[in-house]
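K.L.:
Take this structure, written in structure tokens, and hold onto it; I'll ask about it next.
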Amino acid sequence: MATVDLKNIRKIYPGGFEAVKKVNLAIRDGALCVLVGPSGCGKSTLLRMIAGLESITEGEIAIDGRMVNELGPAERDIAMVFQNYALYPHMSVYDNMAYGLRNRRMPKPEIDKRVREVAATLELDHLLTRRPRELSGGQRQRVAMGRAIVRNPKLFLFDEPLSNLDAKLRGQMRVEIKNLQRSLGVTSVYVTHDQLEAMTLADVLVVMNAGNVEQIGAPLDIYEKPATLFVASFIGAPPMNLLPLRHGEGRAALADGTEIGGSGLSLSGEATTLGIRPENLFLVTNNDEIGGNAIFEIVIRAIEPVGAESFIYGDVGKTRLVVRVAGKTAMEPGAKIHVGAKVADLHVFDDAGIRI
Amino acid sequence: MTPRAIFPNKFLPYLLLAPQLAITAIFFYWPASQALYQSMLREDPFGLSTQFVGLANFRHVLNDPNYLHSFQVTIVFSVATALLAMVPALFLAVMADKVVRGRGIYRTLLIWPYAIAPAIAGMLWLFLFNPSIGSIAVMLRSLGVYWDPLLNGPQAVILVVAAAAWKQISYNFLFFVAGLQAIPKSLVEAAAIDGAGETKRFWTIIFPLLAPTTFFLLVINTVYAFFDTFGIIHAVTGGGPGKATETLVYKVYNDGFVNLLLGESAAQSVILMVIVVALTAVQFRYVERRVHYG
Amino acid sequence: MIDNRPSRRIIAHATLLVGVFIVAFPIYYTFVASTHSLQTILRPPLPLIPGDRFLENYATALFGGIGQIGGVSVGRLLWNSTVVAVLIAVGKILISIISAYAVVFFRFPLRMTFFWLIFITLMLPVEVRILPTYKVMVDFGLIDTYAGLTLPLMASATATLLFRQFFMTIPGELLEAARVDGAGPWRFFWDILLPLSKTNIAALFVIQFIYGWTQYLWPLLVTNRNDMGTIVIALRKMISFADADTQWHLVMVTCILAILPPILVVVFMQRWFVRGLVETEK
């Protein structure tokens, strides 16, 4: 049980590359905090700094109120689940789980009790004598979790723990991790590049890009009110439609001159990009729906039916747009249609990519 | 992106490296530098006075007909040994690759000589071929061949080369087998479907793909013929008859320890080092290439 | 198998058998000689089948009472060779595994300089620097000692390179997991690295044991006393073709005894040895 506080954290590698730029973050006790971002955004570096595996160039890291900058990973009372699990290949499952406890000179009966308890919760009891290479991917993942849990640390760190599993197993493990974390109540930091994983797991979501924190918040808040263009494009699948706007006064229009129909849309002069999520767009069939909406005329280029929903790809002016509609659709490529979005569902960003 | 995971200790790594560095310094760098230093000195036979003579020793050595002869002997000896050790090994490896059953047994039976000291290999062959009690020598003589490697220079070379190559066949065999196994079977099958016969398949597919192994073994066998065969020569011919089997390494030994020409022996050592460094460089480039092309 | 005609296979087997014959014959014939009497050997050609003096000859060579070679028993020589081969193998493995550990798992000033200093020794055998190295031995008083016989031969980069290569394939996460689990550098070395290196160590042991056993020039120089010689050197001293008194039957027995231990090591540890050999030289 612990809080984690990062103050002005920077990481500059010997080569001069700045992987993390002045990151501030406070994680409350018991929360599952997910760091998400594209590869190279600094999320793993940040996690490894919290773990003590990477030195801190500048700033302070405190776990449970205690500054840990100078402490080694073993002294921070953390446990970590690695991307490739990092199970010791020559040790049995039991020994893998017991290794950290033995290094802490815990009495043997106590180790045995703990390992067996944790193995039982994770349904690993029948695998204790196996070697890692004799396990399936999902089982290895569980052992890696077990090795972390058995230590009963203040803080769990997860470094893309599900990225080596197939899609189906990943979904299952995601739920399992979430439930485990809830029931154990241990503060956790979880790194992933998968926005879906991030959305479903996080109590607190931290979106990172190029060494900076772009936004911190509850997953749905971030989804509904992305603070920056980057967050808008990164969170959500398929990604948000981003339409460049024409500069200057007058009626709202796209950069290529295409007018935006409907009413109720007034844009400030600073607005340069308009964002609309595919699921916020709807087909406009009669004039009643124009009020309070923005309307676009699009030419359908392709349709992807995926069963429960269909994605319509079309061009508005010169910009590609994706529309999500429920069920199937009888429309054909080449047809012209009108789609609309509630003004309240529109996201507007300025020149610097900041939400207005 | 992230550098390799490491331990943060600052002092410990030096401690870990210390033994190897100490041994390398005392038994490698110090003697090597001494050789370099001595190669520029001339010492009178009683060791009473030394004088700095610059490159005179090198000049002397490189103009010495005996040294040039020894150079020639070494080259003939190396080329002959490498060929004689590699060609049969490749042939046997190709045959072993065809055999389904008993491959392991053949390997076991073929790797013995690797474990035998070159000097003993020489003695085994000498036992067969020496003119007084060698069974094969006796047979040769009864066939009318005048055979006496202890008096006839070329025959001495033949005997030493045969013993040296014999010992090295197993080593080459192992590498060729490994090299052959690394060639994808599908390539050979594709060639067969394309109508290439067995011999053609070997020369157009297998042999070119085996080139890295062959090249590697060529370097290794050359180095082997240069150095490791000292034992064979010392045990079998003592460099003779005349100087027919006096290789460069043997001459370094002979001039340094028997004739006590310290400066010249040192100069010869330095020349040898240069040759080896050149071979290492060749080898290293090859290793690098191999990294690049898998 | 593309070509499965029986004739091809018969040719292949026949060729291999010829190869085996060439490779094995000198060894076999030596063994044959070691089972005949001196008189038989001195009247060539020697029969192709073993004689009836096996027990007698081997007993004389091993327990003959009077030392056979310059007053030193064969047992003592075998012991010397074993000590030298084991010391070289173990010493080399020990110093190389820790230096490779330092180079791969630590970052420190001059790391690559040290690595290159070691790497350069890769292909400079002791033969090219015998005279000055011999002088070092004299200065240190290491002539006729096991240390003198083994220490200079431990300075080789081969083993260090092999371990370095192997260590680089160990995922960094394993080290990080160990650190999180509270293991320091030594504990990681003992608990994780060493067990993972078992196969490599075994392979290297075989190769270096053979290397040590088959040394010739160096033991020749650095030993004066017969009782410090290795069996290979002693054997050389036993043989004189000019000398009518050479006890050929005993020489042959000693020959067999000198090649038997390394052959046994190679044949019985074949699996590791072959793998290690092909990997070391990559």
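Identifiers in this document derive from the order of the structure tokens: chains are assigned A, B, ..., residues are numbered from 1 separately in each chain, and ligands are numbered from 1 in order of occurrence.
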Excluding Val99 in chain B and its own-chain neighbours fewer than 4 positions away, which residues fall within 10 Å of it when counting only C-alpha atoms? Please give them as a PyMOL selection string.
P.N.:
(chain B and resi 93-95+103+106) or (chain C and resi 1+4+8-13+16)
K.L.:
Can you list, as a PyMOL selection string, every protein, DNA or RNA residue that comes within 12 Å of range 137-141 of chain C when you count only C-alpha atoms, leaving out same-chain residues fewer than 2 positions away?
P.N.:
(chain B and resi 26-27+30-31) or (chain C and resi 130-135+143-152+218-219+221-224)
K.L.:
Per DSSP on the backbone, filter range 193-237 of chain A down to the residues in strand (DSSP E or B) and report them as a list in words.
P.N.:
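Written out, the strand (DSSP E or B) residues of range 193-237 of chain A are Val204, Leu205, Val206, Val207, Met208, Asn209, Asn212, Val213, Glu214, Gln215, Ile216, Gly217 and Thr228 of chain A.
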K.L.:
Please identify all residues of chain A having at least one atom at most 9 Å from any atom of chain B, considering only C-alpha atoms, and return them as a PDB file with N, CA and C atoms, in the first residue's frame.
P.N.:
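The new file iface.pdb reads:
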ATOM      1  N   TYR A  13      19.831  10.291 -21.401  1.00  0.00           N
ATOM      2  CA  TYR A  13      20.805   9.214 -21.565  1.00  0.00           C
ATOM      3  C   TYR A  13      22.177   9.788 -21.874  1.00  0.00           C
ATOM      4  N   GLY A  40       8.775   4.477 -27.576  1.00  0.00           N
ATOM      5  CA  GLY A  40       9.751   5.556 -27.548  1.00  0.00           C
ATOM      6  C   GLY A  40       9.251   6.811 -26.873  1.00  0.00           C
ATOM      7  N   THR A  45      10.829   3.930 -19.708  1.00  0.00           N
ATOM      8  CA  THR A  45      11.929   4.551 -18.974  1.00  0.00           C
ATOM      9  C   THR A  45      11.435   5.054 -17.620  1.00  0.00           C
ATOM     10  N   LEU A  53      15.723   0.683 -11.762  1.00  0.00           N
ATOM     11  CA  LEU A  53      16.585   0.028 -12.742  1.00  0.00           C
ATOM     12  C   LEU A  53      17.279   1.048 -13.625  1.00  0.00           C
ATOM     13  N   GLU A  54      16.816   2.277 -13.539  1.00  0.00           N
ATOM     14  CA  GLU A  54      17.352   3.322 -14.402  1.00  0.00           C
ATOM     15  C   GLU A  54      17.635   4.504 -13.479  1.00  0.00           C
TER      16      GLU A  54
END
K.L.:
Excluding range 124-128 of chain B and its own-chain neighbours fewer than 2 positions away, which residues fall within 7 Å of it when counting only C-alpha atoms? Please give them as a PyMOL selection string.
P.N.:
(chain B and resi 120-122+130+134-137+163+236) or (chain C and resi 26+30)
K.L.:
Keeping only N, CA and C atoms, take the residues you just selected and write them out as a JSON list (two decimals), in the first residue's frame.
P.N.:
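Output below, filename selection.json:
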[["chain", "number", "residue", "atom", "x", "y", "z"],
["B", 120, "ILE", "N", 52.54, -36.52, -30.73],
["B", 120, "ILE", "CA", 52.27, -37.96, -30.71],
["B", 120, "ILE", "C", 51.79, -38.41, -32.08],
["B", 121, "ALA", "N", 50.98, -37.57, -32.73],
["B", 121, "ALA", "CA", 50.55, -37.90, -34.09],
["B", 121, "ALA", "C", 51.78, -38.14, -34.95],
["B", 122, "GLY", "N", 52.75, -37.25, -34.81],
["B", 122, "GLY", "CA", 53.99, -37.41, -35.56],
["B", 122, "GLY", "C", 54.66, -38.72, -35.25],
["B", 130, "ASN", "N", 59.13, -45.16, -40.35],
["B", 130, "ASN", "CA", 60.57, -45.00, -40.23],
["B", 130, "ASN", "C", 61.27, -46.20, -40.86],
["B", 134, "GLY", "N", 59.57, -49.36, -39.30],
["B", 134, "GLY", "CA", 58.23, -49.00, -39.75],
["B", 134, "GLY", "C", 57.65, -50.02, -40.71],
["B", 135, "SER", "N", 56.51, -50.56, -40.38],
["B", 135, "SER", "CA", 55.93, -51.63, -41.20],
["B", 135, "SER", "C", 55.65, -51.15, -42.62],
["B", 136, "ILE", "N", 55.11, -49.94, -42.74],
["B", 136, "ILE", "CA", 54.77, -49.46, -44.08],
["B", 136, "ILE", "C", 56.03, -49.14, -44.87],
["B", 137, "ALA", "N", 57.05, -48.61, -44.15],
["B", 137, "ALA", "CA", 58.32, -48.35, -44.82],
["B", 137, "ALA", "C", 58.89, -49.64, -45.39],
["B", 163, "ALA", "N", 51.15, -36.42, -41.37],
["B", 163, "ALA", "CA", 50.80, -36.53, -39.94],
["B", 163, "ALA", "C", 49.99, -35.31, -39.50],
["B", 236, "VAL", "N", 59.51, -35.54, -35.00],
["B", 236, "VAL", "CA", 59.74, -36.45, -36.12],
["B", 236, "VAL", "C", 61.05, -36.18, -36.84],
["C", 26, "PRO", "N", 46.52, -45.67, -37.70],
["C", 26, "PRO", "CA", 47.75, -45.42, -36.94],
["C", 26, "PRO", "C", 47.56, -45.68, -35.44],
["C", 30, "THR", "N", 49.33, -48.76, -33.37],
["C", 30, "THR", "CA", 50.12, -48.49, -32.17],
["C", 30, "THR", "C", 49.68, -49.40, -31.04]]
K.L.:
Using only C-alpha atoms and a cut-off of 6 Å, which residues of chain C sit close to chain A? Please list them as an mmCIF file with C-alpha atoms, in the first residue's frame.
P.N.:
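Printed below is selection15.cif as written:
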data_model
loop_
_atom_site.group_PDB
_atom_site.id
_atom_site.type_symbol
_atom_site.label_atom_id
_atom_site.label_comp_id
_atom_site.auth_asym_id
_atom_site.auth_seq_id
_atom_site.Cartn_x
_atom_site.Cartn_y
_atom_site.Cartn_z
ATOM 1 C CA GLU C 173 15.136 -8.468 -18.139
ATOM 2 C CA LEU C 174 16.509 -11.507 -16.357
ATOM 3 C CA VAL C 180 14.090 -6.527 -8.170
ATOM 4 C CA ASP C 181 14.208 -9.891 -6.396
ATOM 5 C CA GLY C 182 17.038 -8.566 -4.272
#
K.L.:
What's around Ile93 in chain C at 10 Å? Count only C-alpha atoms, leave out sequence neighbours fewer than 2 positions away in its own chain, and write the answer as a ChimeraX atom specification.
P.N.:
/C:87-91,95-99,154,158-160,163,200-202,204-205,208
K.L.:
Counting only C-alpha atoms, which residue out of C:Leu46, C:Leu194, C:Val253, C:Ala14 sits closest to Ser34 in chain C?
P.N.:
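The answer is C:Val253, which sits nearest to Ser34 in chain C.
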K.L.:
Could you list, with a cut-off of 7 Å and counting only C-alpha atoms, the residues of chain B near chain C, each shown with its nearest atom pair and the distance in Å rounded to one decimal, rows sorted by chain and ascending number, as a Markdown table?
P.N.:
| residue | atom | partner | partner_atom | distance |
| --- | --- | --- | --- | --- |
| B:Arg4 | CA | C:Gly172 | CA | 6.1 |
| B:Ala5 | CA | C:Gly172 | CA | 4.8 |
| B:Ile6 | CA | C:Phe105 | CA | 4.7 |
| B:Phe7 | CA | C:Phe106 | CA | 5.5 |
| B:Pro8 | CA | C:Phe106 | CA | 6.8 |
| B:Lys10 | CA | C:Phe108 | CA | 6.3 |
| B:Pro13 | CA | C:Ala102 | CA | 4.7 |
| B:Leu16 | CA | C:Ile98 | CA | 5.4 |
| B:Leu17 | CA | C:Ser99 | CA | 4.5 |
| B:Pro19 | CA | C:Ile95 | CA | 6.1 |
| B:Gln20 | CA | C:Ile95 | CA | 5.6 |
| B:Ile23 | CA | C:Ala155 | CA | 5.7 |
| B:Thr24 | CA | C:Ala155 | CA | 5.1 |
| B:Phe27 | CA | C:Pro152 | CA | 5.3 |
| B:Pro31 | CA | C:Pro132 | CA | 4.7 |
| B:Ala32 | CA | C:Arg129 | CA | 6.1 |
| B:Gln34 | CA | C:Pro132 | CA | 6.1 |
| B:Ala35 | CA | C:Pro132 | CA | 6.1 |
| B:Leu92 | CA | C:Leu16 | CA | 6.1 |
| B:Met95 | CA | C:Ala12 | CA | 4.9 |
| B:Lys98 | CA | C:Ala12 | CA | 6.8 |
| B:Val99 | CA | C:Arg9 | CA | 6.4 |
| B:Thr108 | CA | C:Val267 | CA | 6.4 |
| B:Leu109 | CA | C:Val20 | CA | 6.2 |
| B:Leu110 | CA | C:Val20 | CA | 5.8 |
| B:Trp112 | CA | C:Ile263 | CA | 5.8 |
| B:Ala115 | CA | C:Ile263 | CA | 5.3 |
| B:Ile116 | CA | C:Ile259 | CA | 5.7 |
| B:Ala117 | CA | C:Thr214 | CA | 4.1 |
| B:Pro118 | CA | C:Thr214 | CA | 7.0 |
| B:Ile120 | CA | C:Val232 | CA | 6.9 |
| B:Leu124 | CA | C:Pro26 | CA | 6.0 |
| B:Trp125 | CA | C:Pro26 | CA | 6.7 |
| B:Ile133 | CA | C:Pro44 | CA | 5.6 |
| B:Gly134 | CA | C:Pro44 | CA | 6.6 |
| B:Ser135 | CA | C:Pro45 | CA | 4.2 |
| B:Val138 | CA | C:Pro45 | CA | 6.5 |
| B:Trp166 | CA | C:Val23 | CA | 6.9 |
| B:Phe175 | CA | C:Val278 | CA | 6.4 |
| B:Glu189 | CA | C:Ile2 | CA | 6.8 |
| B:Phe227 | CA | C:Glu127 | CA | 6.6 |
| B:Gly231 | CA | C:Tyr216 | CA | 5.6 |
| B:Ala235 | CA | C:Arg236 | CA | 6.0 |
| B:Val249 | CA | C:Glu127 | CA | 6.9 |
| B:Gly256 | CA | C:Leu131 | CA | 6.7 |
| B:Ser269 | CA | C:Val128 | CA | 5.2 |
| B:Leu272 | CA | C:Val128 | CA | 6.2 |
| B:Met273 | CA | C:Val128 | CA | 6.2 |
| B:Val276 | CA | C:Leu124 | CA | 6.5 |
| B:Thr280 | CA | C:Met123 | CA | 6.3 |
K.L.:
Write out as number ranges by chain the residues lying within 7 Å of Val316 in chain A, counting only C-alpha atoms and excluding same-chain residues fewer than 5 positions away.
P.N.:
A: 296-299, 321
K.L.:
Considering only alpha helix (DSSP H) as DSSP defines it on the backbone, what residues of range 207-263 of chain C qualify? List them as a VMD selection string.
P.N.:
chain C and resid 207 to 213 217 to 222 231 to 238 248 to 263
K.L.:
Please produce a file of those selected residues containing N, CA and C atoms, as an mmCIF file, in the first residue's frame.
P.N.:
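The result, written out as result.cif:
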data_model
loop_
_atom_site.group_PDB
_atom_site.id
_atom_site.type_symbol
_atom_site.label_atom_id
_atom_site.label_comp_id
_atom_site.auth_asym_id
_atom_site.auth_seq_id
_atom_site.Cartn_x
_atom_site.Cartn_y
_atom_site.Cartn_z
ATOM 1 N N ILE C 207 37.405 -28.759 -24.530
ATOM 2 C CA ILE C 207 38.316 -28.171 -25.519
ATOM 3 C C ILE C 207 39.631 -27.744 -24.865
ATOM 4 N N GLN C 208 39.517 -27.118 -23.707
ATOM 5 C CA GLN C 208 40.733 -26.631 -23.064
ATOM 6 C C GLN C 208 41.535 -27.766 -22.435
ATOM 7 N N PHE C 209 40.846 -28.808 -22.010
ATOM 8 C CA PHE C 209 41.547 -29.969 -21.476
ATOM 9 C C PHE C 209 42.432 -30.567 -22.575
ATOM 10 N N ILE C 210 41.856 -30.723 -23.762
ATOM 11 C CA ILE C 210 42.614 -31.251 -24.896
ATOM 12 C C ILE C 210 43.775 -30.312 -25.224
ATOM 13 N N TYR C 211 43.464 -29.019 -25.236
ATOM 14 C CA TYR C 211 44.489 -28.018 -25.529
ATOM 15 C C TYR C 211 45.652 -28.158 -24.545
ATOM 16 N N GLY C 212 45.321 -28.280 -23.278
ATOM 17 C CA GLY C 212 46.362 -28.393 -22.258
ATOM 18 C C GLY C 212 47.139 -29.696 -22.388
ATOM 19 N N TRP C 213 46.431 -30.771 -22.622
ATOM 20 C CA TRP C 213 47.062 -32.077 -22.691
ATOM 21 C C TRP C 213 48.036 -32.170 -23.872
ATOM 22 N N LEU C 217 55.480 -27.361 -27.213
ATOM 23 C CA LEU C 217 56.616 -26.439 -27.152
ATOM 24 C C LEU C 217 56.804 -25.858 -25.756
ATOM 25 N N TRP C 218 55.695 -25.405 -25.152
ATOM 26 C CA TRP C 218 55.838 -24.729 -23.878
ATOM 27 C C TRP C 218 56.365 -25.667 -22.776
ATOM 28 N N PRO C 219 55.748 -26.818 -22.591
ATOM 29 C CA PRO C 219 56.287 -27.740 -21.579
ATOM 30 C C PRO C 219 57.738 -28.134 -21.872
ATOM 31 N N LEU C 220 58.070 -28.222 -23.135
ATOM 32 C CA LEU C 220 59.434 -28.579 -23.511
ATOM 33 C C LEU C 220 60.417 -27.551 -22.974
ATOM 34 N N LEU C 221 60.029 -26.269 -23.068
ATOM 35 C CA LEU C 221 60.933 -25.203 -22.655
ATOM 36 C C LEU C 221 60.972 -25.046 -21.146
ATOM 37 N N VAL C 222 59.821 -25.130 -20.520
ATOM 38 C CA VAL C 222 59.713 -24.644 -19.150
ATOM 39 C C VAL C 222 59.990 -25.743 -18.117
ATOM 40 N N ILE C 231 53.527 -36.163 -20.201
ATOM 41 C CA ILE C 231 53.749 -37.459 -20.836
ATOM 42 C C ILE C 231 54.126 -37.305 -22.306
ATOM 43 N N VAL C 232 53.607 -36.250 -22.935
ATOM 44 C CA VAL C 232 53.924 -36.037 -24.348
ATOM 45 C C VAL C 232 55.422 -35.752 -24.513
ATOM 46 N N ILE C 233 55.933 -34.896 -23.646
ATOM 47 C CA ILE C 233 57.358 -34.557 -23.712
ATOM 48 C C ILE C 233 58.211 -35.788 -23.401
ATOM 49 N N ALA C 234 57.813 -36.496 -22.370
ATOM 50 C CA ALA C 234 58.584 -37.667 -21.962
ATOM 51 C C ALA C 234 58.654 -38.688 -23.090
ATOM 52 N N LEU C 235 57.556 -38.839 -23.776
ATOM 53 C CA LEU C 235 57.488 -39.793 -24.867
ATOM 54 C C LEU C 235 58.501 -39.447 -25.951
ATOM 55 N N ARG C 236 58.562 -38.153 -26.231
ATOM 56 C CA ARG C 236 59.527 -37.696 -27.222
ATOM 57 C C ARG C 236 60.950 -38.076 -26.798
ATOM 58 N N LYS C 237 61.175 -37.959 -25.498
ATOM 59 C CA LYS C 237 62.522 -38.252 -25.017
ATOM 60 C C LYS C 237 62.834 -39.751 -25.056
ATOM 61 N N MET C 238 61.787 -40.558 -25.012
ATOM 62 C CA MET C 238 61.995 -42.016 -25.016
ATOM 63 C C MET C 238 62.434 -42.532 -26.377
ATOM 64 N N TRP C 248 60.821 -50.404 -27.580
ATOM 65 C CA TRP C 248 59.677 -50.021 -28.404
ATOM 66 C C TRP C 248 58.336 -50.479 -27.851
ATOM 67 N N HIS C 249 58.303 -51.688 -27.327
ATOM 68 C CA HIS C 249 57.002 -52.159 -26.831
ATOM 69 C C HIS C 249 56.507 -51.265 -25.706
ATOM 70 N N LEU C 250 57.431 -50.774 -24.882
ATOM 71 C CA LEU C 250 57.011 -49.892 -23.789
ATOM 72 C C LEU C 250 56.683 -48.490 -24.298
ATOM 73 N N VAL C 251 57.426 -48.070 -25.316
ATOM 74 C CA VAL C 251 57.101 -46.773 -25.923
ATOM 75 C C VAL C 251 55.664 -46.797 -26.446
ATOM 76 N N MET C 252 55.333 -47.908 -27.088
ATOM 77 C CA MET C 252 53.985 -48.012 -27.649
ATOM 78 C C MET C 252 52.925 -48.028 -26.547
ATOM 79 N N VAL C 253 53.209 -48.703 -25.472
ATOM 80 C CA VAL C 253 52.272 -48.703 -24.347
ATOM 81 C C VAL C 253 52.098 -47.274 -23.826
ATOM 82 N N THR C 254 53.215 -46.562 -23.665
ATOM 83 C CA THR C 254 53.151 -45.193 -23.163
ATOM 84 C C THR C 254 52.361 -44.303 -24.128
ATOM 85 N N CYS C 255 52.584 -44.532 -25.415
ATOM 86 C CA CYS C 255 51.842 -43.802 -26.442
ATOM 87 C C CYS C 255 50.339 -43.969 -26.230
ATOM 88 N N ILE C 256 49.930 -45.230 -26.090
ATOM 89 C CA ILE C 256 48.502 -45.499 -25.890
ATOM 90 C C ILE C 256 48.016 -44.830 -24.608
ATOM 91 N N LEU C 257 48.819 -44.931 -23.551
ATOM 92 C CA LEU C 257 48.408 -44.317 -22.286
ATOM 93 C C LEU C 257 48.328 -42.804 -22.412
ATOM 94 N N ALA C 258 49.173 -42.239 -23.277
ATOM 95 C CA ALA C 258 49.197 -40.777 -23.418
ATOM 96 C C ALA C 258 48.021 -40.270 -24.239
ATOM 97 N N ILE C 259 47.529 -41.095 -25.158
ATOM 98 C CA ILE C 259 46.415 -40.594 -25.970
ATOM 99 C C ILE C 259 45.059 -41.039 -25.446
ATOM 100 N N LEU C 260 45.079 -42.002 -24.541
ATOM 101 C CA LEU C 260 43.800 -42.525 -24.071
ATOM 102 C C LEU C 260 42.971 -41.489 -23.291
ATOM 103 N N PRO C 261 43.555 -40.812 -22.290
ATOM 104 C CA PRO C 261 42.702 -39.889 -21.518
ATOM 105 C C PRO C 261 42.008 -38.817 -22.366
ATOM 106 N N PRO C 262 42.743 -38.098 -23.230
ATOM 107 C CA PRO C 262 42.012 -37.094 -24.026
ATOM 108 C C PRO C 262 40.995 -37.713 -24.976
ATOM 109 N N ILE C 263 41.309 -38.894 -25.521
ATOM 110 C CA ILE C 263 40.328 -39.527 -26.418
ATOM 111 C C ILE C 263 39.069 -39.873 -25.640
#
K.L.:
Could you give me, as a PDB file with C-alpha atoms, in the first residue's frame, the residues within 12 Å of Thr247 in chain B, counting only C-alpha atoms and dropping anything in the same chain fewer than 5 positions from it?
P.N.:
ATOM      1  CA  ASN B  66      68.153 -19.810 -44.527  1.00  0.00           C
ATOM      2  CA  TYR B  67      65.270 -17.660 -43.331  1.00  0.00           C
ATOM      3  CA  LEU B  68      63.862 -17.255 -46.804  1.00  0.00           C
ATOM      4  CA  HIS B  69      64.164 -20.980 -47.262  1.00  0.00           C
ATOM      5  CA  SER B  70      62.319 -21.509 -44.034  1.00  0.00           C
ATOM      6  CA  PHE B  71      59.636 -19.111 -45.259  1.00  0.00           C
ATOM      7  CA  GLN B  72      59.281 -21.179 -48.384  1.00  0.00           C
ATOM      8  CA  VAL B  73      59.108 -24.390 -46.399  1.00  0.00           C
ATOM      9  CA  THR B  74      56.401 -22.892 -44.198  1.00  0.00           C
ATOM     10  CA  ILE B  75      54.278 -21.835 -47.145  1.00  0.00           C
ATOM     11  CA  VAL B  76      54.584 -25.173 -48.945  1.00  0.00           C
ATOM     12  CA  PHE B  77      53.947 -26.928 -45.684  1.00  0.00           C
ATOM     13  CA  SER B  78      50.889 -24.798 -44.797  1.00  0.00           C
ATOM     14  CA  VAL B 157      58.084 -33.064 -45.747  1.00  0.00           C
ATOM     15  CA  VAL B 160      55.227 -34.399 -41.617  1.00  0.00           C
ATOM     16  CA  VAL B 161      52.436 -33.022 -43.807  1.00  0.00           C
ATOM     17  CA  ALA B 225      50.134 -25.483 -39.831  1.00  0.00           C
ATOM     18  CA  PHE B 226      52.163 -22.464 -38.728  1.00  0.00           C
ATOM     19  CA  PHE B 227      52.215 -23.112 -35.018  1.00  0.00           C
ATOM     20  CA  ASP B 228      50.677 -26.290 -33.694  1.00  0.00           C
ATOM     21  CA  THR B 229      52.764 -28.471 -35.947  1.00  0.00           C
ATOM     22  CA  PHE B 230      55.909 -27.530 -34.094  1.00  0.00           C
ATOM     23  CA  GLY B 231      55.460 -30.654 -32.013  1.00  0.00           C
ATOM     24  CA  ILE B 232      55.281 -32.890 -35.078  1.00  0.00           C
ATOM     25  CA  ILE B 233      58.408 -31.437 -36.606  1.00  0.00           C
ATOM     26  CA  HIS B 234      60.339 -31.448 -33.378  1.00  0.00           C
ATOM     27  CA  THR B 237      62.465 -34.669 -38.042  1.00  0.00           C
ATOM     28  CA  GLY B 238      63.995 -32.051 -35.782  1.00  0.00           C
ATOM     29  CA  GLY B 239      63.782 -29.654 -38.696  1.00  0.00           C
ATOM     30  CA  GLY B 240      65.867 -31.907 -40.881  1.00  0.00           C
ATOM     31  CA  VAL B 252      62.521 -19.128 -33.952  1.00  0.00           C
ATOM     32  CA  TYR B 253      62.914 -21.918 -31.447  1.00  0.00           C
ATOM     33  CA  ASN B 254      66.132 -23.194 -32.929  1.00  0.00           C
ATOM     34  CA  ASP B 255      67.833 -19.824 -33.234  1.00  0.00           C
ATOM     35  CA  GLN B 268      61.743 -13.498 -36.282  1.00  0.00           C
ATOM     36  CA  LEU B 272      55.626 -13.959 -36.978  1.00  0.00           C
TER      37      LEU B 272
END
K.L.:
So which residues touch Ser39 in chain A within 12 Å, counting only C-alpha atoms, skipping near sequence neighbours fewer than 5 positions away, as a ChimeraX atom specification?
P.N.:
/A:19,44-45,160,191-194,208-211 /B:1-2
K.L.:
Please produce a file of the residues just selected, as a CSV table (one decimal), in the first residue's frame, where the atoms kept are C-alpha atoms.
P.N.:
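And here's result-v1.csv as it stands now:
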chain,number,residue,atom,x,y,z
A,19,ALA,CA,13.8,10.2,-22.9
A,44,SER,CA,9.0,2.4,-20.0
A,45,THR,CA,11.9,4.6,-19.0
A,160,GLU,CA,3.7,-4.4,-21.1
A,191,VAL,CA,2.9,0.4,-19.0
A,192,THR,CA,1.3,-0.4,-22.3
A,193,HIS,CA,1.2,0.9,-25.9
A,194,ASP,CA,-2.3,-0.6,-26.4
A,208,MET,CA,2.7,10.2,-22.8
A,209,ASN,CA,4.3,11.4,-26.0
A,210,ALA,CA,7.9,12.2,-26.8
A,211,GLY,CA,8.9,12.3,-23.1
B,1,MET,CA,16.5,2.2,-27.4
B,2,THR,CA,17.2,1.3,-23.8
K.L.:
Using CA of Asp345 in chain A and CA of Ile276 in chain A as the two end points, give the distance in Å to one decimal.
P.N.:
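Atom-to-atom, CA of Asp345 in chain A to CA of Ile276 in chain A, that is 7.0 Å.
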